$ cat work.txt   # compact mmCIF, C-alpha atoms and all ligand atoms
# COMPACT_ATOMS: atom_id res chain seq x y z
CA MET A 3 43.89 43.12 -27.00
CA PRO A 4 47.28 44.65 -26.11
CA GLN A 5 47.31 46.42 -22.77
CA ARG A 6 48.19 50.10 -22.57
CA PRO A 7 49.76 52.22 -19.83
CA VAL A 8 47.27 53.54 -17.29
CA LEU A 9 47.65 56.99 -15.70
CA ILE A 10 46.10 57.55 -12.29
CA ALA A 11 46.35 61.08 -10.90
CA GLN A 12 46.06 61.26 -7.13
CA ILE A 13 45.10 64.46 -5.37
CA SER A 14 44.61 64.57 -1.62
CA ASP A 15 43.42 66.54 1.38
CA LEU A 16 41.43 69.28 -0.32
CA HIS A 17 39.84 70.56 2.93
CA ILE A 18 37.14 72.54 1.16
CA LYS A 19 35.35 75.06 3.40
CA PRO A 20 32.13 76.99 2.73
CA PRO A 21 32.57 79.69 0.05
CA GLY A 22 34.74 82.55 1.28
CA ALA A 23 36.08 80.74 4.38
CA LEU A 24 39.81 80.10 4.88
CA ALA A 25 41.19 76.94 6.48
CA TYR A 26 42.72 77.79 9.86
CA GLY A 27 41.88 81.42 9.06
CA ARG A 28 44.74 81.51 6.56
CA VAL A 29 44.61 79.00 3.65
CA ASP A 30 42.33 79.51 0.64
CA THR A 31 41.75 75.81 -0.05
CA ALA A 32 39.15 76.53 -2.75
CA ARG A 33 41.64 78.62 -4.78
CA ALA A 34 44.24 75.89 -4.26
CA LEU A 35 41.84 73.30 -5.71
CA GLU A 36 41.07 75.56 -8.67
CA ARG A 37 44.78 75.72 -9.49
CA CYS A 38 45.04 71.94 -9.07
CA VAL A 39 42.12 71.34 -11.46
CA ALA A 40 43.70 73.70 -14.01
CA THR A 41 47.00 71.78 -13.88
CA LEU A 42 45.19 68.44 -14.20
CA ASN A 43 43.16 69.70 -17.16
CA GLN A 44 46.31 70.85 -18.96
CA PHE A 45 48.18 67.58 -18.44
CA THR A 46 48.86 65.53 -21.57
CA PRO A 47 48.17 62.68 -21.92
CA LYS A 48 44.92 62.98 -20.08
CA PRO A 49 44.91 60.79 -16.94
CA ASP A 50 42.47 57.88 -16.94
CA LEU A 51 41.14 58.75 -13.51
CA VAL A 52 41.70 61.11 -10.59
CA VAL A 53 41.61 59.50 -7.14
CA ILE A 54 40.95 61.93 -4.28
CA SER A 55 42.43 60.28 -1.22
CA GLY A 56 40.41 61.81 1.57
CA ASP A 57 39.66 65.01 3.46
CA LEU A 58 37.60 66.35 0.58
CA ALA A 59 35.65 68.60 2.94
CA ASP A 60 36.96 70.22 6.14
CA THR A 61 34.34 70.40 8.89
CA PRO A 62 32.42 68.64 7.16
CA THR A 63 29.04 70.07 6.11
CA GLU A 64 26.69 69.59 3.16
CA GLU A 65 27.54 73.16 2.14
CA GLU A 66 31.23 72.20 1.92
CA TYR A 67 30.46 69.17 -0.29
CA ALA A 68 28.27 71.36 -2.51
CA HIS A 69 31.14 73.85 -2.82
CA LEU A 70 33.55 70.99 -3.56
CA LYS A 71 31.31 69.71 -6.36
CA ARG A 72 31.21 73.16 -7.94
CA LEU A 73 35.01 73.40 -7.75
CA LEU A 74 35.43 69.93 -9.31
CA ALA A 75 32.86 70.58 -12.09
CA PRO A 76 35.51 71.97 -14.54
CA LEU A 77 37.72 68.87 -14.11
CA ASN A 78 37.80 67.08 -17.47
CA VAL A 79 38.82 63.71 -15.96
CA ALA A 80 36.54 61.27 -14.12
CA PHE A 81 37.24 61.09 -10.40
CA ALA A 82 36.62 58.83 -7.42
CA GLY A 83 36.88 59.85 -3.77
CA ILE A 84 37.70 58.06 -0.51
CA PRO A 85 36.75 59.52 2.88
CA GLY A 86 39.36 60.92 5.25
CA ASN A 87 39.00 61.90 8.88
CA HIS A 88 37.54 65.29 7.90
CA ASP A 89 34.79 63.66 5.83
CA GLN A 90 31.45 62.20 6.82
CA ARG A 91 30.39 59.00 5.08
CA ASP A 92 26.68 59.69 4.61
CA MET A 93 27.24 63.25 3.40
CA MET A 94 29.91 62.07 0.98
CA ARG A 95 27.77 59.18 -0.25
CA ALA A 96 24.92 61.64 -0.90
CA ALA A 97 27.22 64.15 -2.63
CA PHE A 98 28.72 61.48 -4.93
CA ALA A 99 25.79 59.10 -5.21
CA GLN A 100 26.70 57.83 -8.66
CA ALA A 101 29.84 56.01 -7.44
CA ALA A 102 29.78 52.19 -7.38
CA TYR A 103 30.32 51.68 -3.64
CA ALA A 104 30.86 48.08 -2.52
CA PHE A 105 28.43 48.40 0.44
CA PRO A 106 24.99 50.08 0.53
CA SER A 107 25.90 51.79 3.84
CA GLY A 108 28.95 52.23 6.07
CA PRO A 109 32.47 52.31 4.59
CA LEU A 110 32.78 53.79 1.10
CA ASN A 111 34.98 51.11 -0.47
CA GLN A 112 35.19 50.78 -4.25
CA ARG A 113 36.86 48.57 -6.82
CA ILE A 114 37.47 50.24 -10.16
CA GLU A 115 38.79 48.44 -13.24
CA ILE A 116 40.82 50.53 -15.69
CA GLY A 117 42.51 48.85 -18.61
CA GLY A 118 44.64 46.04 -17.20
CA LEU A 119 44.58 47.48 -13.70
CA ASP A 120 42.39 47.17 -10.60
CA LEU A 121 42.11 50.13 -8.24
CA VAL A 122 40.99 49.24 -4.72
CA LEU A 123 39.74 52.23 -2.75
CA LEU A 124 39.56 51.59 1.00
CA ASP A 125 37.68 53.68 3.54
CA SER A 126 39.98 53.98 6.57
CA SER A 127 37.94 56.70 8.26
CA VAL A 128 36.60 56.14 11.79
CA PRO A 129 33.47 58.24 12.40
CA GLY A 130 34.29 61.18 14.66
CA LYS A 131 37.99 60.29 15.10
CA PRO A 132 41.19 61.61 13.50
CA HIS A 133 42.97 58.24 13.29
CA GLY A 134 42.37 55.55 10.71
CA GLU A 135 41.30 51.93 10.90
CA LEU A 136 40.12 49.36 8.39
CA ASP A 137 37.06 47.77 9.96
CA ALA A 138 36.32 44.05 9.75
CA PRO A 139 33.86 44.25 6.82
CA THR A 140 36.39 46.33 4.85
CA LEU A 141 39.23 43.88 5.57
CA ARG A 142 37.01 40.94 4.50
CA TRP A 143 35.99 42.81 1.36
CA LEU A 144 39.64 43.63 0.59
CA GLU A 145 40.63 39.97 0.92
CA ALA A 146 37.73 38.82 -1.28
CA THR A 147 38.50 41.52 -3.85
CA LEU A 148 42.18 40.58 -4.04
CA VAL A 149 41.37 36.86 -4.28
CA SER A 150 39.28 37.56 -7.37
CA SER A 151 41.20 38.06 -10.63
CA PRO A 152 44.62 37.28 -9.07
CA ASP A 153 46.45 37.90 -12.34
CA ARG A 154 45.56 41.59 -12.53
CA PRO A 155 47.83 44.13 -10.80
CA ALA A 156 46.10 46.12 -8.06
CA LEU A 157 46.79 49.55 -6.58
CA LEU A 158 45.40 50.26 -3.10
CA PHE A 159 44.29 53.74 -2.06
CA LEU A 160 43.35 54.82 1.47
CA HIS A 161 43.55 58.06 3.44
CA HIS A 162 45.62 57.08 6.48
CA PRO A 163 49.27 55.98 6.04
CA PRO A 164 50.04 52.56 7.52
CA PHE A 165 53.55 53.66 8.60
CA LYS A 166 55.29 56.17 10.87
CA THR A 167 56.49 59.38 9.24
CA GLY A 168 58.40 60.78 12.21
CA ILE A 169 55.97 63.70 12.50
CA TRP A 170 54.79 63.02 16.05
CA HIS A 171 51.28 64.43 15.96
CA MET A 172 50.46 62.72 12.66
CA ASP A 173 51.88 59.37 13.74
CA ARG A 174 49.37 59.37 16.63
CA GLN A 175 46.57 59.42 14.06
CA ASP A 176 47.81 57.05 11.35
CA LEU A 177 46.27 53.67 10.38
CA GLN A 178 45.98 51.96 13.78
CA ASN A 179 45.58 48.40 12.48
CA ALA A 180 48.33 48.55 9.87
CA ASN A 181 49.38 45.00 10.81
CA GLU A 182 46.01 43.68 9.61
CA LEU A 183 46.45 45.45 6.28
CA ALA A 184 49.98 44.01 6.02
CA ASN A 185 48.66 40.49 6.62
CA VAL A 186 46.27 40.80 3.68
CA VAL A 187 48.77 42.51 1.38
CA LYS A 188 51.43 39.85 1.98
CA ARG A 189 49.04 37.16 0.72
CA HIS A 190 48.49 38.96 -2.60
CA PRO A 191 51.52 39.70 -4.76
CA ARG A 192 49.29 41.52 -7.20
CA VAL A 193 49.31 44.58 -4.91
CA GLN A 194 51.82 46.87 -6.62
CA LEU A 195 51.33 50.15 -4.74
CA ILE A 196 49.70 51.51 -1.57
CA ALA A 197 48.89 55.21 -2.00
CA THR A 198 47.72 57.35 0.93
CA GLY A 199 47.24 60.97 2.03
CA HIS A 200 46.52 62.68 5.39
CA VAL A 201 49.98 64.22 5.92
CA HIS A 202 49.87 66.75 3.03
CA ARG A 203 53.43 66.00 1.95
CA ALA A 204 55.21 63.62 -0.44
CA THR A 205 56.59 60.63 1.46
CA PHE A 206 57.85 57.27 0.19
CA THR A 207 58.61 53.97 1.89
CA THR A 208 57.84 50.27 1.62
CA PHE A 209 55.12 48.57 3.63
CA ALA A 210 54.60 44.80 3.66
CA GLY A 211 57.15 44.74 0.84
CA VAL A 212 55.11 47.09 -1.35
CA PRO A 213 56.02 50.65 -2.41
CA THR A 214 53.90 53.00 -0.31
CA THR A 215 53.38 56.72 -0.76
CA ILE A 216 51.81 59.78 0.78
CA CYS A 217 50.47 62.31 -1.72
CA PRO A 218 51.21 66.02 -1.27
CA ALA A 219 48.30 68.47 -1.09
CA PRO A 220 47.27 71.38 -3.32
CA ASN A 221 47.15 73.73 -0.32
CA HIS A 222 49.18 73.57 2.92
CA ALA A 223 51.66 70.95 4.13
CA VAL A 224 52.03 69.51 7.60
CA ASP A 225 55.25 71.00 8.95
CA LEU A 226 58.17 68.56 8.66
CA ASP A 227 58.91 68.81 12.37
CA LEU A 228 60.98 65.70 13.04
CA ALA A 229 62.45 67.18 16.24
CA GLU A 230 59.13 67.72 18.04
CA LEU A 231 59.95 71.41 18.32
CA ARG A 232 56.49 72.82 17.82
CA ALA A 233 52.82 72.27 18.52
CA PRO A 234 51.06 70.77 15.44
CA SER A 235 51.79 73.26 12.65
CA PHE A 236 51.46 73.70 8.90
CA LYS A 237 53.46 75.51 6.23
CA VAL A 238 52.42 76.70 2.81
CA GLU A 239 54.91 74.80 0.65
CA PRO A 240 54.93 74.25 -3.15
CA PRO A 241 51.66 72.45 -4.02
CA ALA A 242 51.69 69.20 -5.97
CA PHE A 243 49.91 65.95 -6.77
CA HIS A 244 50.98 62.44 -7.68
CA LEU A 245 50.68 60.74 -11.05
CA HIS A 246 50.92 56.95 -10.83
CA VAL A 247 51.73 55.39 -14.20
CA TRP A 248 51.26 51.66 -14.66
CA PHE A 249 53.19 50.14 -17.56
CA PRO A 250 52.11 46.70 -18.77
CA GLY A 251 54.88 44.11 -18.89
CA GLU A 252 56.19 40.85 -17.46
CA GLY A 253 54.32 39.65 -14.42
CA PHE A 254 52.30 42.54 -13.03
CA GLY A 255 54.04 45.20 -15.09
CA SER A 256 55.53 48.17 -13.25
CA VAL A 257 54.33 51.30 -11.50
CA VAL A 258 56.14 54.66 -11.49
CA THR A 259 55.00 57.58 -9.35
CA HIS A 260 55.70 61.12 -10.57
CA GLN A 261 55.26 64.22 -8.46
CA VAL A 262 53.60 66.97 -10.49
CA PRO A 263 53.94 70.56 -9.24
CA ILE A 264 50.73 72.62 -9.41
CA GLY A 265 50.97 75.96 -11.23
CA ASP A 266 52.38 77.54 -14.36
CA PHE A 267 56.14 77.31 -14.81
CA ASP A 268 58.64 78.49 -17.41
CA GLY A 269 59.08 75.93 -20.22
CA PRO A 270 59.21 73.34 -21.60
CA HIS A 271 62.23 74.45 -23.62
CA PRO A 272 64.24 72.20 -26.00
CA PHE A 273 67.67 70.99 -24.88
CA PHE A 274 68.91 70.81 -28.50
CA GLY A 275 68.89 73.25 -31.41
CA PRO A 276 67.94 72.42 -35.02
CA ASP A 277 71.53 71.29 -35.63
CA GLY A 278 71.20 68.63 -32.93
CA LYS A 279 73.71 70.40 -30.67
CA LEU A 280 73.02 71.28 -27.06
CA LEU A 281 71.77 74.84 -26.77
FE FE B 301 43.41 63.57 7.22

$ encode --input "work.txt" --output "structure tokens" --more "lines below"
Ligand SMILES: [Fe+2]
Amino acid sequence: MPQRPVLIAQISDLHIKPPGALAYGRVDTARALERCVATLNQFTPKPDLVVISGDLADTPTEEEYAHLKRLLAPLNVAFAGIPGNHDQRDMMRAAFAQAAYAFPSGPLNQRIEIGGLDLVLLDSSVPGKPHGELDAPTLRWLEATLVSSPDRPALLFLHHPPFKTGIWHMDRQDLQNANELANVVKRHPRVQLIATGHVHRATFTTFAGVPTTICPAPNHAVDLDLAELRAPSFKVEPPAFHLHVWFPGEGFGSVVTHQVPIGDFDGPHPFFGPDGKLL
């Protein structure tokens, strides 16, 4: 059967509070998620899956996960979540019990097959800590997962970036054992993308020779303070999400990441009139 392009929308760092509460006393994260869901629902063609790359809740509490589920109920695309440092594994497992987690307890890793593509969702959360780490069972599971079906391209998703951004207070809490992830990735050329969150802003680099991204958030962004001028701060910048499109082709095909702004904007308008001339 011919393979088709696969569209994976990635949203990140939702930080849902109990109803009526604002994050940091200022940001209405629930309203931000509602706008994000509306933009996702309007997108054509419909994405195959939405991956939520961590910090689904904020404190976290069961009430926050219940509120999150109500906010996600109108989403017309299937979704899968990975924990971030603001999540709690058991609460998240209970809230999304239908997911096919690789382990019956502990890290919430998942492998999801979509069309010609494998998505590998890695739990980098460390209970009670802001930084990330892939524990030994997760690293062993990642290796075993990548060894299986070596001809299929794979996209990796995890909350914590495995690279320095230059934002000092976030770099202290990134993926602490990034070298161990790199060692695995380098053995498996089928890894085509590493997609992360945690920093609430669009960032692009390569890691272990693989394109690696941070997804922007629907709410607030971590301030791009590269000069260490301020205490840890946030700004309310234009909200967005990422749309990763995998095109089948030679070898493992190709992956393109689009940034999609959240909201209603003027257009689309045609460039050309009925006579074929530029308007
Ligand atoms: Fe985070």

$ residues_around --input "work.txt" --residues "region 263-280 of chain A" --least-positions-apart "4" --cutoff "7 Å" --atoms "all atoms listed in the file" --output "PyMOL selection string"
chain A and resi 37-38+41+241-243

$ write_last_selection --input "work.txt" --atoms "C-alpha atoms" --output "compact mmCIF listing (two decimals), in the coordinates of the input"
# COMPACT_ATOMS: atom_id res chain seq x y z
CA ARG A 37 44.78 75.72 -9.49
CA CYS A 38 45.04 71.94 -9.07
CA THR A 41 47.00 71.78 -13.88
CA PRO A 241 51.66 72.45 -4.02
CA ALA A 242 51.69 69.20 -5.97
CA PHE A 243 49.91 65.95 -6.77

$ residues_around --input "work.txt" --residues "Leu35 (chain A)" --least-positions-apart "4" --cutoff "12 Å" --atoms "all atoms listed in the file" --output "JSON, numbers by chain"
{"A": [13, 14, 15, 16, 17, 18, 19, 29, 30, 31, 39, 40, 41, 42, 54, 58, 59, 69, 70, 71, 72, 73, 74, 75, 76, 77, 219, 220, 221, 222, 241, 242, 243, 264, 265]}

$ closest_residue --input "work.txt" --among "A:Thr198, A:Ile10, A:Val258, A:Ala138" --to "Ile114 (chain A)" --atoms "all atoms listed in the file"
A:Ile10

$ atom_distance --input "work.txt" --atom1 "CA of Phe254 (chain A)" --atom2 "CA of Leu157 (chain A)"
11.0 Å

$ atom_distance --input "work.txt" --atom1 "CA of Phe206 (chain A)" --atom2 "CA of Arg28 (chain A)"
28.3 Å

$ residues_near_ligand --input "work.txt" --ligand "ligand FE 301 (chain B)" --cutoff "10 Å" --atoms "all atoms listed in the file" --output "PDB file with C-alpha atoms, in the coordinates of the input"
ATOM      1  CA  SER A  14      44.610  64.570  -1.620  1.00  0.00           C
ATOM      2  CA  ASP A  15      43.420  66.540   1.380  1.00  0.00           C
ATOM      3  CA  LEU A  16      41.430  69.280  -0.320  1.00  0.00           C
ATOM      4  CA  HIS A  17      39.840  70.560   2.930  1.00  0.00           C
ATOM      5  CA  SER A  55      42.430  60.280  -1.220  1.00  0.00           C
ATOM      6  CA  GLY A  56      40.410  61.810   1.570  1.00  0.00           C
ATOM      7  CA  ASP A  57      39.660  65.010   3.460  1.00  0.00           C
ATOM      8  CA  LEU A  58      37.600  66.350   0.580  1.00  0.00           C
ATOM      9  CA  ASP A  60      36.960  70.220   6.140  1.00  0.00           C
ATOM     10  CA  PRO A  85      36.750  59.520   2.880  1.00  0.00           C
ATOM     11  CA  GLY A  86      39.360  60.920   5.250  1.00  0.00           C
ATOM     12  CA  ASN A  87      39.000  61.900   8.880  1.00  0.00           C
ATOM     13  CA  HIS A  88      37.540  65.290   7.900  1.00  0.00           C
ATOM     14  CA  ASP A  89      34.790  63.660   5.830  1.00  0.00           C
ATOM     15  CA  SER A 127      37.940  56.700   8.260  1.00  0.00           C
ATOM     16  CA  PRO A 132      41.190  61.610  13.500  1.00  0.00           C
ATOM     17  CA  HIS A 133      42.970  58.240  13.290  1.00  0.00           C
ATOM     18  CA  GLY A 134      42.370  55.550  10.710  1.00  0.00           C
ATOM     19  CA  HIS A 161      43.550  58.060   3.440  1.00  0.00           C
ATOM     20  CA  HIS A 162      45.620  57.080   6.480  1.00  0.00           C
ATOM     21  CA  PRO A 163      49.270  55.980   6.040  1.00  0.00           C
ATOM     22  CA  MET A 172      50.460  62.720  12.660  1.00  0.00           C
ATOM     23  CA  GLN A 175      46.570  59.420  14.060  1.00  0.00           C
ATOM     24  CA  ASP A 176      47.810  57.050  11.350  1.00  0.00           C
ATOM     25  CA  THR A 198      47.720  57.350   0.930  1.00  0.00           C
ATOM     26  CA  GLY A 199      47.240  60.970   2.030  1.00  0.00           C
ATOM     27  CA  HIS A 200      46.520  62.680   5.390  1.00  0.00           C
ATOM     28  CA  VAL A 201      49.980  64.220   5.920  1.00  0.00           C
ATOM     29  CA  HIS A 202      49.870  66.750   3.030  1.00  0.00           C
TER      30      HIS A 202
END

$ closest_residue --input "work.txt" --among "A:Arg113, A:Ala204, A:Pro191, A:Arg154" --to "Gly251 (chain A)" --atoms "all atoms listed in the file"
A:Arg154

$ atom_distance --input "work.txt" --atom1 "CA of Ala97 (chain A)" --atom2 "CA of Val262 (chain A)"
27.7 Å

$ closest_residue --input "work.txt" --among "A:Val212, A:Leu24, A:Leu119, A:Val238" --to "Pro7 (chain A)" --atoms "all atoms listed in the file"
A:Leu119

$ residues_around --input "work.txt" --residues "Pro106 (chain A)" --least-positions-apart "5" --cutoff "12 Å" --atoms "only C-alpha atoms" --output "PyMOL selection string"
chain A and resi 91-92+95-96+99+101+111-112

$ write_last_selection --input "work.txt" --atoms "C-alpha atoms" --output "PDB file, keeping the file's coordinate frame"
ATOM      1  CA  ARG A  91      30.390  59.000   5.080  1.00  0.00           C
ATOM      2  CA  ASP A  92      26.680  59.690   4.610  1.00  0.00           C
ATOM      3  CA  ARG A  95      27.770  59.180  -0.250  1.00  0.00           C
ATOM      4  CA  ALA A  96      24.920  61.640  -0.900  1.00  0.00           C
ATOM      5  CA  ALA A  99      25.790  59.100  -5.210  1.00  0.00           C
ATOM      6  CA  ALA A 101      29.840  56.010  -7.440  1.00  0.00           C
ATOM      7  CA  ASN A 111      34.980  51.110  -0.470  1.00  0.00           C
ATOM      8  CA  GLN A 112      35.190  50.780  -4.250  1.00  0.00           C
TER       9      GLN A 112
END

$ closest_residue --input "work.txt" --among "A:Ala82, A:His260, A:Ala68, A:Val53" --to "Tyr103 (chain A)" --atoms "only C-alpha atoms"
A:Ala82

$ residues_near_point --input "work.txt" --point "(46.5, 56.6, -5.4)" --cutoff "6 Å" --atoms "all atoms listed in the file" --output "PyMOL selection string"
chain A and resi 12+53+159+197

$ closest_residue --input "work.txt" --among "A:Gly253, A:Arg174, A:Pro62, A:Val186" --to "Pro129 (chain A)" --atoms "all atoms listed in the file"
A:Pro62

$ residues_near_point --input "work.txt" --point "(45.7, 40.8, -7.6)" --cutoff "8 Å" --atoms "all atoms listed in the file" --output "PyMOL selection string"
chain A and resi 120+148-156+190-193

$ closest_residue --input "work.txt" --among "A:Trp248, A:Phe165, A:Phe45, A:Trp170" --to "Phe209 (chain A)" --atoms "only C-alpha atoms"
A:Phe165

$ axis_aligned_box --input "work.txt" --around "region 244-261 of chain A" --padding-each-side "4 Å" --output "lines of an AutoDock Vina configuration file"
center_x = 53.4
center_y = 51.9
center_z = -13.3
size_x = 13.5
size_y = 32.6
size_z = 19.2
